[in-house]
Every structure is written in structure tokens, then in C-alpha cells.
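**Student:** Structure provided below as C-alpha cells; questions to follow.
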Amino acid sequence: PSGKATKPGDVATSMPGTVIDVLVEVGSSVQAGDPVLVTEAMKMETPIYSPCNGTVKDIKVKEGDTVEADQVLVKLE
């Protein structure tokens, strides 16, 4: 696990699920509200959005990974 989201550039999910699509790569520039990945829980797909403008510094998960609520999925700088 990559720890709980505590910084403004931490992208996290609000519920447990499975990562089904990573929409960014390291070095990508994102704006607040841009989708960065998609998770699936209980047969529902949920896009996870960037909380702020920034550049993708690190991607902590890959497709197929199971994630927990508030887990850091992507780090922005």
C-alpha cells in the first residue's frame, strides 16, 4: 500500500475497488478535475479526478490492482 492521501497533490479514491484504467503517465500535465484513472467497485466504474493542477510525478498503481479508501494512487507536483 502507498499510504493515505495527506498532501494536496495526492490523488486518492473514496472507496475500495479495482483499478481498471490508468489514463495518465509520469510527466503528464493535468488540470484540476481531469480524470487520471478509473476504478471499479460493485460493477460500477468510477473516474478518479485530479484535485489540482500539476504534473504526474508518480503512479502508485497499475491496472488490476485492488485499492483501499484514501490510498494514494497518483502523486502530482
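Chain labels A, B, ... are given in the sequence in which chains occur in the C-alpha cells; within each chain residues are numbered consecutively from 1, and ligands are likewise numbered from 1 in the order shown.
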Excluding region 18-33 of chain A and its own-chain neighbours fewer than 5 positions away, which residues fall within 7 Å of it when counting only C-alpha atoms? Please give them as a VMD selection string.
**Tutor:** chain A and resid 38 to 41 49 to 59 62 to 67
**Student:** Hey, can you check how far CA of Met44 (chain A) sits from CA of Lys75 (chain A)?
**Tutor:**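 CA of Lys75 (chain A) lies at a distance of 24.2 Å from CA of Met44 (chain A).
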